[in-house]
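Chemist: Before I ask anything, let me first share the structure, which is written out below as C-alpha coordinates.
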Amino acid sequence: MNTLHENFTATVAAHQDRVYALALGMLRDRDDAADVAQEAFVRLWRKGDRVPGERLAPWLYRVTHNLCLDHLRRRNLALKRLGQPDPEAVERLSVPADDPAGDPLPAPLAAALDRLPARTRSLVILHYCQDMKLAEIAELLGMSLPAVKTALHRARKVLREALQSGAAVAGQTLETGT
Amino acid sequence: MNPRHTDQISDEKLRTALKPLRGVKAPPDFASRVARACAADDARRRRRRLFLRASITGLAAVLVLAVWNPWHGPLGRRPSAPPRTVAVGTSYSPAEIASARRQLVWTLAVTDRILDRSSHRALADVLGRRIPGTISRSLTRALHRTAKGNS
(Lines give C-alpha, C1' and ligand atoms only; values in the text may rest on other atoms or scores of the structure.)
Protein backbone atom coordinates (compact mmCIF):
# COMPACT_ATOMS: atom_id res chain seq x y z
CA MET A 1 0.00 0.00 0.00
CA ASN A 2 2.82 2.36 0.93
CA THR A 3 4.71 1.58 -2.26
CA LEU A 4 1.53 2.09 -4.26
CA HIS A 5 0.96 5.38 -2.47
CA GLU A 6 4.54 6.53 -3.03
CA ASN A 7 4.38 5.54 -6.70
CA PHE A 8 1.14 7.42 -7.07
CA THR A 9 2.55 10.55 -5.43
CA ALA A 10 5.53 10.38 -7.79
CA THR A 11 3.19 9.91 -10.78
CA VAL A 12 1.14 12.95 -9.76
CA ALA A 13 4.29 15.03 -9.36
CA ALA A 14 5.57 13.91 -12.77
CA HIS A 15 2.39 14.56 -14.76
CA GLN A 16 0.44 17.23 -12.89
CA ASP A 17 1.75 20.22 -14.86
CA ARG A 18 1.02 18.70 -18.28
CA VAL A 19 -2.41 17.44 -17.30
CA TYR A 20 -3.25 20.81 -15.76
CA ALA A 21 -1.97 22.65 -18.85
CA LEU A 22 -4.15 20.51 -21.13
CA ALA A 23 -7.20 21.15 -18.95
CA LEU A 24 -6.43 24.87 -18.76
CA GLY A 25 -5.98 25.08 -22.52
CA MET A 26 -9.31 23.39 -23.09
CA LEU A 27 -11.39 25.04 -20.36
CA ARG A 28 -9.65 28.45 -20.18
CA ASP A 29 -10.37 28.68 -16.45
CA ARG A 30 -7.83 27.90 -13.74
CA ASP A 31 -10.28 26.64 -11.10
CA ASP A 32 -12.12 24.39 -13.53
CA ALA A 33 -8.81 23.12 -14.90
CA ALA A 34 -7.59 22.24 -11.38
CA ASP A 35 -10.86 20.42 -10.67
CA VAL A 36 -10.69 18.42 -13.89
CA ALA A 37 -6.99 17.57 -13.45
CA GLN A 38 -7.72 16.43 -9.90
CA GLU A 39 -10.57 14.22 -11.12
CA ALA A 40 -8.27 12.67 -13.74
CA PHE A 41 -5.80 11.69 -11.01
CA VAL A 42 -8.58 10.33 -8.79
CA ARG A 43 -9.62 8.10 -11.72
CA LEU A 44 -6.02 6.95 -12.00
CA TRP A 45 -5.99 6.17 -8.28
CA ARG A 46 -9.15 4.10 -8.71
CA LYS A 47 -7.49 2.16 -11.52
CA GLY A 48 -4.61 1.23 -9.20
CA ASP A 49 -1.75 -0.36 -11.12
CA ARG A 50 -3.96 -1.47 -14.01
CA VAL A 51 -2.63 1.27 -16.29
CA PRO A 52 0.76 0.18 -17.67
CA GLY A 53 3.59 2.64 -17.09
CA GLU A 54 4.30 3.28 -20.75
CA ARG A 55 0.60 4.02 -21.46
CA LEU A 56 0.20 6.25 -18.43
CA ALA A 57 0.65 9.66 -20.07
CA PRO A 58 -1.69 8.95 -23.04
CA TRP A 59 -4.22 7.44 -20.63
CA LEU A 60 -4.12 10.55 -18.44
CA TYR A 61 -4.45 12.86 -21.44
CA ARG A 62 -7.36 10.89 -22.80
CA VAL A 63 -9.19 10.95 -19.44
CA THR A 64 -8.48 14.67 -19.03
CA HIS A 65 -9.70 15.34 -22.56
CA ASN A 66 -12.94 13.41 -21.95
CA LEU A 67 -13.49 15.09 -18.58
CA CYS A 68 -12.97 18.50 -20.22
CA LEU A 69 -15.54 17.65 -22.92
CA ASP A 70 -18.03 16.65 -20.19
CA HIS A 71 -17.29 19.83 -18.28
CA LEU A 72 -17.75 22.02 -21.35
CA ARG A 73 -21.03 20.26 -22.16
CA ARG A 74 -22.29 20.93 -18.62
CA ARG A 75 -21.10 24.54 -18.80
CA ASN A 76 -22.89 25.10 -22.11
CA LEU A 77 -26.06 23.57 -20.71
CA ALA A 78 -25.87 25.87 -17.70
CA LEU A 79 -25.30 28.87 -19.97
CA LYS A 80 -28.31 27.87 -22.06
CA ARG A 81 -30.46 27.50 -18.97
CA LEU A 82 -29.29 30.64 -17.18
CA GLY A 83 -28.55 32.81 -20.23
CA GLN A 84 -25.31 34.59 -21.05
CA PRO A 85 -23.68 36.48 -18.16
CA ASP A 86 -23.91 40.25 -18.03
CA PRO A 87 -20.91 41.56 -20.06
CA GLU A 88 -20.43 44.47 -17.63
CA ALA A 89 -20.21 42.07 -14.69
CA VAL A 90 -17.77 39.90 -16.61
CA GLU A 91 -15.66 42.95 -17.37
CA ARG A 92 -15.74 44.03 -13.70
CA LEU A 93 -14.83 40.57 -12.40
CA SER A 94 -12.23 39.66 -15.03
CA VAL A 95 -8.66 39.09 -13.89
CA PRO A 96 -6.13 41.70 -15.10
CA ALA A 97 -3.91 40.47 -17.93
CA ASP A 98 -0.69 40.77 -15.90
CA ASP A 99 -2.12 38.80 -12.95
CA PRO A 100 -0.42 35.40 -12.59
CA ALA A 101 -3.87 33.90 -11.99
CA GLY A 102 -5.08 35.29 -15.33
CA ASP A 103 -4.96 33.76 -18.78
CA PRO A 104 -1.38 32.86 -19.74
CA LEU A 105 -2.08 33.45 -23.45
CA PRO A 106 -2.34 36.77 -25.29
CA ALA A 107 -5.98 37.85 -25.60
CA PRO A 108 -6.42 37.42 -29.41
CA LEU A 109 -4.90 33.94 -29.31
CA ALA A 110 -7.01 32.98 -26.29
CA ALA A 111 -10.14 34.22 -28.08
CA ALA A 112 -9.19 32.27 -31.21
CA LEU A 113 -8.61 29.13 -29.14
CA ASP A 114 -12.05 29.63 -27.58
CA ARG A 115 -13.58 29.74 -31.05
CA LEU A 116 -12.14 26.35 -31.99
CA PRO A 117 -14.20 23.22 -31.35
CA ALA A 118 -13.19 21.57 -28.07
CA ARG A 119 -11.65 18.53 -29.78
CA THR A 120 -9.55 20.71 -32.10
CA ARG A 121 -8.45 22.86 -29.16
CA SER A 122 -7.26 19.75 -27.40
CA LEU A 123 -5.48 18.65 -30.55
CA VAL A 124 -3.64 21.99 -30.84
CA ILE A 125 -2.52 21.86 -27.21
CA LEU A 126 -1.40 18.24 -27.40
CA HIS A 127 0.58 18.97 -30.55
CA TYR A 128 2.13 22.33 -29.74
CA CYS A 129 2.40 22.19 -25.95
CA GLN A 130 2.79 18.50 -25.16
CA ASP A 131 4.86 17.77 -28.30
CA MET A 132 2.80 14.74 -29.22
CA LYS A 133 3.02 13.29 -32.71
CA LEU A 134 -0.06 13.47 -34.92
CA ALA A 135 -0.40 9.67 -35.02
CA GLU A 136 -0.36 9.54 -31.20
CA ILE A 137 -2.97 12.30 -31.05
CA ALA A 138 -5.14 10.47 -33.58
CA GLU A 139 -5.04 7.32 -31.45
CA LEU A 140 -5.66 9.26 -28.26
CA LEU A 141 -8.65 11.21 -29.59
CA GLY A 142 -10.05 8.29 -31.57
CA MET A 143 -9.70 10.13 -34.90
CA SER A 144 -8.12 9.09 -38.18
CA LEU A 145 -4.75 10.60 -39.08
CA PRO A 146 -6.12 12.54 -42.10
CA ALA A 147 -8.91 13.94 -39.90
CA VAL A 148 -6.32 15.11 -37.37
CA LYS A 149 -4.26 16.73 -40.12
CA THR A 150 -7.29 18.50 -41.57
CA ALA A 151 -8.45 19.74 -38.16
CA LEU A 152 -4.94 20.97 -37.36
CA HIS A 153 -4.69 22.75 -40.70
CA ARG A 154 -7.99 24.56 -40.06
CA ALA A 155 -6.96 25.40 -36.51
CA ARG A 156 -3.65 26.80 -37.77
CA LYS A 157 -5.52 29.06 -40.16
CA VAL A 158 -7.77 30.45 -37.40
CA LEU A 159 -4.87 30.90 -34.97
CA ARG A 160 -2.61 32.46 -37.61
CA GLU A 161 -5.28 35.04 -38.39
CA ALA A 162 -5.65 35.73 -34.68
CA LEU A 163 -1.90 36.18 -34.34
CA GLN A 164 -1.82 38.55 -37.31
CA SER A 165 -4.73 40.62 -36.01
CA GLY A 166 -3.09 40.65 -32.56
CA ALA A 167 0.15 41.90 -34.07
CA ALA A 168 -1.77 44.57 -36.00
CA VAL A 169 -3.51 45.74 -32.81
CA ALA A 170 -0.19 45.80 -30.97
CA GLY A 171 1.34 47.84 -33.82
CA GLN A 172 -1.52 50.35 -33.74
CA THR A 173 -1.19 50.64 -29.96
CA LEU A 174 2.52 51.36 -30.30
CA GLU A 175 1.86 53.96 -33.02
CA THR A 176 -0.80 55.81 -31.02
CA GLY A 177 1.28 55.48 -27.85
CA THR A 178 -1.65 54.22 -25.74
CA MET B 1 5.16 30.96 -51.32
CA ASN B 2 5.20 27.22 -50.90
CA PRO B 3 2.17 26.29 -48.73
CA ARG B 4 4.27 23.77 -46.77
CA HIS B 5 6.77 26.55 -46.01
CA THR B 6 3.92 28.82 -44.84
CA ASP B 7 2.69 26.02 -42.60
CA GLN B 8 6.15 25.62 -41.11
CA ILE B 9 6.40 29.31 -40.39
CA SER B 10 3.00 29.38 -38.78
CA ASP B 11 3.96 26.24 -36.84
CA GLU B 12 6.96 27.98 -35.33
CA LYS B 13 4.96 31.15 -34.69
CA LEU B 14 2.20 29.15 -33.05
CA ARG B 15 4.63 27.19 -30.96
CA THR B 16 6.14 30.46 -29.73
CA ALA B 17 2.74 32.03 -29.16
CA LEU B 18 1.52 29.00 -27.19
CA LYS B 19 4.70 28.86 -25.13
CA PRO B 20 3.07 30.43 -22.03
CA LEU B 21 0.70 27.46 -21.91
CA ARG B 22 3.65 25.08 -22.04
CA GLY B 23 5.14 26.70 -18.95
CA VAL B 24 1.93 26.53 -16.93
CA LYS B 25 2.41 24.94 -13.52
CA ALA B 26 -0.26 23.21 -11.49
CA PRO B 27 -1.27 25.09 -8.32
CA PRO B 28 1.31 24.67 -5.52
CA ASP B 29 -0.99 22.60 -3.28
CA PHE B 30 -2.20 20.41 -6.15
CA ALA B 31 -0.50 17.16 -5.04
CA SER B 32 -1.91 17.37 -1.51
CA ARG B 33 -5.30 18.27 -2.96
CA VAL B 34 -5.22 15.14 -5.12
CA ALA B 35 -4.15 13.03 -2.13
CA ARG B 36 -7.09 14.35 -0.10
CA ALA B 37 -9.50 13.72 -2.98
CA CYS B 38 -8.23 10.13 -3.37
CA ALA B 39 -8.62 9.47 0.35
CA ALA B 40 -12.16 10.86 0.28
CA ASP B 41 -12.94 8.76 -2.79
CA ASP B 42 -11.69 5.62 -1.04
CA ALA B 43 -13.84 6.33 2.01
CA ARG B 44 -16.88 7.05 -0.16
CA ARG B 45 -16.49 3.79 -2.06
CA ARG B 46 -16.06 1.81 1.17
CA ARG B 47 -19.24 3.36 2.59
CA ARG B 48 -21.07 2.63 -0.64
CA ARG B 49 -20.03 -1.04 -0.58
CA LEU B 50 -21.19 -1.34 3.02
CA PHE B 51 -24.49 0.31 2.21
CA LEU B 52 -24.98 -1.95 -0.80
CA ARG B 53 -24.21 -5.06 1.18
CA ALA B 54 -26.59 -3.99 3.94
CA SER B 55 -29.39 -3.11 1.52
CA ILE B 56 -29.06 -6.34 -0.40
CA THR B 57 -28.93 -8.40 2.78
CA GLY B 58 -32.02 -6.63 4.10
CA LEU B 59 -33.87 -6.95 0.85
CA ALA B 60 -32.99 -10.59 0.43
CA ALA B 61 -34.05 -11.30 4.01
CA VAL B 62 -37.41 -9.63 3.45
CA LEU B 63 -37.94 -11.48 0.19
CA VAL B 64 -36.91 -14.79 1.65
CA LEU B 65 -39.31 -14.32 4.56
CA ALA B 66 -42.10 -13.25 2.23
CA VAL B 67 -41.64 -16.13 -0.15
CA TRP B 68 -40.62 -19.03 2.04
CA ASN B 69 -42.60 -18.45 5.22
CA PRO B 70 -44.96 -21.46 5.36
CA TRP B 71 -47.77 -19.43 7.03
CA HIS B 72 -47.82 -16.84 4.29
CA GLY B 73 -46.78 -18.89 1.33
CA PRO B 74 -45.39 -17.52 -1.92
CA LEU B 75 -46.10 -13.82 -2.34
CA GLY B 76 -48.28 -13.48 0.70
CA ARG B 77 -50.89 -16.09 -0.07
CA ARG B 78 -52.52 -16.93 3.24
CA PRO B 79 -53.99 -20.42 3.51
CA SER B 80 -57.29 -20.75 5.34
CA ALA B 81 -55.65 -22.66 8.20
CA PRO B 82 -51.98 -22.77 9.17
CA PRO B 83 -50.37 -26.08 8.22
CA ARG B 84 -49.36 -28.36 11.04
CA THR B 85 -46.07 -29.21 9.45
CA VAL B 86 -43.68 -27.14 7.40
CA ALA B 87 -44.30 -28.37 3.92
CA VAL B 88 -42.82 -26.05 1.37
CA GLY B 89 -43.51 -27.38 -2.07
CA THR B 90 -46.41 -29.61 -1.10
CA SER B 91 -49.05 -26.96 -0.29
CA TYR B 92 -48.52 -25.11 -3.56
CA SER B 93 -48.62 -26.20 -7.09
CA PRO B 94 -45.34 -26.24 -9.06
CA ALA B 95 -46.72 -23.46 -11.24
CA GLU B 96 -47.21 -21.22 -8.19
CA ILE B 97 -43.72 -21.92 -6.90
CA ALA B 98 -42.21 -21.34 -10.32
CA SER B 99 -44.10 -18.05 -10.65
CA ALA B 100 -42.95 -16.89 -7.20
CA ARG B 101 -39.41 -17.89 -8.00
CA ARG B 102 -39.49 -15.99 -11.29
CA GLN B 103 -40.74 -12.87 -9.55
CA LEU B 104 -38.10 -13.16 -6.85
CA VAL B 105 -35.37 -13.50 -9.44
CA TRP B 106 -36.73 -10.55 -11.37
CA THR B 107 -36.95 -8.35 -8.25
CA LEU B 108 -33.44 -9.29 -7.17
CA ALA B 109 -32.06 -8.66 -10.64
CA VAL B 110 -33.72 -5.27 -10.91
CA THR B 111 -32.56 -4.28 -7.42
CA ASP B 112 -29.11 -5.51 -8.23
CA ARG B 113 -28.99 -3.50 -11.44
CA ILE B 114 -30.28 -0.38 -9.76
CA LEU B 115 -27.84 -0.60 -6.89
CA ASP B 116 -24.64 -1.81 -8.49
CA ARG B 117 -23.61 -4.46 -10.99
CA SER B 118 -20.59 -5.32 -8.89
CA SER B 119 -22.78 -6.65 -6.10
CA HIS B 120 -23.38 -10.08 -7.67
CA ARG B 121 -20.82 -11.57 -5.33
CA ALA B 122 -22.49 -10.02 -2.29
CA LEU B 123 -25.86 -11.19 -3.51
CA ALA B 124 -24.59 -14.70 -4.10
CA ASP B 125 -23.16 -14.69 -0.55
CA VAL B 126 -26.46 -13.54 0.86
CA LEU B 127 -28.46 -16.10 -1.08
CA GLY B 128 -25.98 -18.80 -0.13
CA ARG B 129 -26.51 -18.10 3.55
CA ARG B 130 -30.26 -17.60 3.59
CA ILE B 131 -31.72 -20.04 1.11
CA PRO B 132 -31.24 -23.80 0.86
CA GLY B 133 -28.39 -24.79 -1.46
CA THR B 134 -30.25 -26.00 -4.52
CA ILE B 135 -32.60 -23.04 -4.65
CA SER B 136 -29.79 -20.59 -3.99
CA ARG B 137 -27.70 -22.01 -6.82
CA SER B 138 -30.63 -21.95 -9.19
CA LEU B 139 -31.50 -18.37 -8.21
CA THR B 140 -27.95 -17.17 -8.51
CA ARG B 141 -27.62 -18.83 -11.91
CA ALA B 142 -30.85 -17.27 -13.12
CA LEU B 143 -29.80 -13.91 -11.71
CA HIS B 144 -26.47 -13.96 -13.48
CA ARG B 145 -28.19 -14.92 -16.70
CA THR B 146 -30.56 -11.97 -16.28
CA ALA B 147 -27.78 -9.56 -15.46
CA LYS B 148 -25.89 -10.58 -18.59
CA GLY B 149 -29.00 -9.79 -20.59
CA ASN B 150 -29.84 -13.28 -21.81
CA SER B 151 -33.42 -13.22 -20.68
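By order in the C-alpha coordinates, chains are A, B, ...; within a chain, residues start at 1; ligands start at 1, following the order shown.
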Taking a cut-off of 10 Å and counting only C-alpha atoms, can you build a table that, for each residue of chain B near chain A, reports the nearest atom pair and how far apart they are in Å (one decimal), sorted by chain then residue number, as a Markdown table?
Modeler:
```
| residue | atom | partner | partner_atom | distance |
| --- | --- | --- | --- | --- |
| B:Asp7 | CA | A:Arg156 | CA | 8.0 |
| B:Ile9 | CA | A:Arg160 | CA | 9.9 |
| B:Ser10 | CA | A:Arg160 | CA | 6.5 |
| B:Asp11 | CA | A:Arg156 | CA | 7.7 |
| B:Glu12 | CA | A:Tyr128 | CA | 9.3 |
| B:Lys13 | CA | A:Arg160 | CA | 8.2 |
| B:Leu14 | CA | A:Arg160 | CA | 7.4 |
| B:Arg15 | CA | A:Tyr128 | CA | 5.6 |
| B:Thr16 | CA | A:Tyr128 | CA | 9.1 |
| B:Ala17 | CA | A:Leu105 | CA | 7.6 |
| B:Leu18 | CA | A:Leu105 | CA | 6.8 |
| B:Lys19 | CA | A:Cys129 | CA | 7.1 |
| B:Pro20 | CA | A:Pro104 | CA | 5.6 |
| B:Leu21 | CA | A:Pro104 | CA | 6.2 |
| B:Arg22 | CA | A:Cys129 | CA | 5.0 |
| B:Gly23 | CA | A:Ala21 | CA | 8.2 |
| B:Val24 | CA | A:Ala21 | CA | 5.8 |
| B:Lys25 | CA | A:Asp17 | CA | 4.9 |
| B:Ala26 | CA | A:Asp17 | CA | 4.9 |
| B:Pro27 | CA | A:Ala34 | CA | 7.6 |
| B:Phe30 | CA | A:Ala34 | CA | 7.7 |
| B:Ala31 | CA | A:Val12 | CA | 6.5 |
| B:Ser32 | CA | A:Thr9 | CA | 9.0 |
| B:Arg33 | CA | A:Gln38 | CA | 7.6 |
| B:Val34 | CA | A:Gln38 | CA | 5.5 |
| B:Ala35 | CA | A:Thr9 | CA | 7.9 |
| B:Arg36 | CA | A:Val42 | CA | 9.7 |
| B:Ala37 | CA | A:Val42 | CA | 6.8 |
| B:Cys38 | CA | A:Val42 | CA | 5.4 |
| B:Ala39 | CA | A:Val42 | CA | 9.2 |
| B:Ala40 | CA | A:Val42 | CA | 9.8 |
| B:Asp41 | CA | A:Val42 | CA | 7.6 |
| B:Asp42 | CA | A:Arg46 | CA | 8.2 |
| B:Arg45 | CA | A:Arg46 | CA | 9.9 |
```
Chemist: Got a sec: who's within 9 Å of region 70-87 of chain A, counting only C-alpha atoms, leaving out chain neighbours fewer than 5 positions off, as a list in words?
Modeler: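 What passes the distance filter is Met26, Leu27, Asp32, Val36, His65, Arg92 and Ala118 of chain A.
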Chemist: I need the residues from that last selection saved to file as a short mmCIF file (atom, residue, chain, number, x, y, z; two decimals), in the first residue's frame (with all heavy atoms), if you can.
Modeler:
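Output file again18.cif follows:
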```cif
data_model
loop_
_atom_site.label_atom_id
_atom_site.label_comp_id
_atom_site.auth_asym_id
_atom_site.auth_seq_id
_atom_site.Cartn_x
_atom_site.Cartn_y
_atom_site.Cartn_z
N MET A 26 -7.98 23.74 -22.58
CA MET A 26 -9.31 23.39 -23.09
C MET A 26 -10.41 24.20 -22.41
O MET A 26 -11.38 24.59 -23.04
CB MET A 26 -9.58 21.91 -22.89
CG MET A 26 -8.91 21.06 -23.94
SD MET A 26 -9.47 19.38 -23.87
CE MET A 26 -11.07 19.49 -24.65
N LEU A 27 -10.28 24.41 -21.10
CA LEU A 27 -11.39 25.04 -20.36
C LEU A 27 -11.21 26.54 -20.19
O LEU A 27 -12.18 27.25 -19.93
CB LEU A 27 -11.52 24.39 -18.97
CG LEU A 27 -11.78 22.89 -18.97
CD1 LEU A 27 -11.77 22.34 -17.55
CD2 LEU A 27 -13.13 22.59 -19.61
N ASP A 32 -11.53 25.56 -12.85
CA ASP A 32 -12.12 24.39 -13.53
C ASP A 32 -11.02 23.42 -13.95
O ASP A 32 -11.18 22.20 -13.83
CB ASP A 32 -12.91 24.82 -14.77
CG ASP A 32 -14.19 25.54 -14.39
OD1 ASP A 32 -14.51 25.55 -13.19
OD2 ASP A 32 -14.85 26.10 -15.29
N VAL A 36 -10.71 19.51 -12.90
CA VAL A 36 -10.69 18.42 -13.89
C VAL A 36 -9.40 17.60 -13.76
O VAL A 36 -9.42 16.37 -13.80
CB VAL A 36 -10.85 18.99 -15.31
CG1 VAL A 36 -10.44 17.99 -16.36
CG2 VAL A 36 -12.30 19.39 -15.54
N HIS A 65 -8.97 14.83 -21.39
CA HIS A 65 -9.70 15.34 -22.56
C HIS A 65 -11.19 15.04 -22.43
O HIS A 65 -12.03 15.93 -22.61
CB HIS A 65 -9.11 14.68 -23.81
CG HIS A 65 -9.92 14.86 -25.04
ND1 HIS A 65 -9.87 16.00 -25.79
CD2 HIS A 65 -10.84 14.07 -25.65
CE1 HIS A 65 -10.70 15.90 -26.81
NE2 HIS A 65 -11.30 14.73 -26.75
N ARG A 92 -16.10 43.59 -15.06
CA ARG A 92 -15.74 44.03 -13.70
C ARG A 92 -14.97 42.93 -12.96
O ARG A 92 -14.05 43.21 -12.22
CB ARG A 92 -17.03 44.37 -12.96
CG ARG A 92 -16.89 45.59 -12.09
CD ARG A 92 -18.17 46.10 -11.51
NE ARG A 92 -19.18 45.14 -11.19
CZ ARG A 92 -20.35 45.06 -11.80
NH1 ARG A 92 -20.65 45.87 -12.78
NH2 ARG A 92 -21.24 44.16 -11.44
N ALA A 118 -13.95 22.07 -29.23
CA ALA A 118 -13.19 21.57 -28.07
C ALA A 118 -12.16 20.52 -28.48
O ALA A 118 -11.02 20.52 -28.01
CB ALA A 118 -14.15 21.01 -27.05
#
```
Chemist: As an exercise, work out the distance from CA of Leu104 (chain B) to CA of Leu59 (chain B) in Å and give it to one decimal place.
Modeler: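 Rounded to one decimal, the two atoms are 10.8 Å apart.
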Chemist: DSSP on the backbone, then: every residue of region 41-169 of chain A marked helix (DSSP H, G or I), written as JSON, numbers by chain.
Modeler: {"A": [41, 42, 43, 44, 45, 46, 47, 53, 54, 55, 56, 57, 58, 59, 60, 61, 62, 63, 64, 65, 66, 67, 68, 69, 70, 71, 72, 73, 74, 75, 76, 77, 78, 79, 80, 81, 82, 87, 88, 89, 90, 91, 92, 93, 107, 108, 109, 110, 111, 112, 113, 114, 115, 118, 119, 120, 121, 122, 123, 124, 125, 126, 127, 128, 134, 135, 136, 137, 138, 139, 140, 141, 145, 146, 147, 148, 149, 150, 151, 152, 153, 154, 155, 156, 157, 158, 159, 160, 161, 162, 163, 164, 165, 166, 167, 168, 169]}
Chemist: Quick one: distance from CA of Arg62 (chain A) to CA of Leu126 (chain A) in Å, one decimal?
Modeler: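 Interatomic distance, CA of Arg62 (chain A) to CA of Leu126 (chain A): 10.5 Å.
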Chemist: Rounded to one decimal, what separation in Å do you get between CA of Leu50 (chain B) and CA of Val62 (chain B)?
Modeler: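 Separation between CA of Leu50 (chain B) and CA of Val62 (chain B): 18.2 Å.
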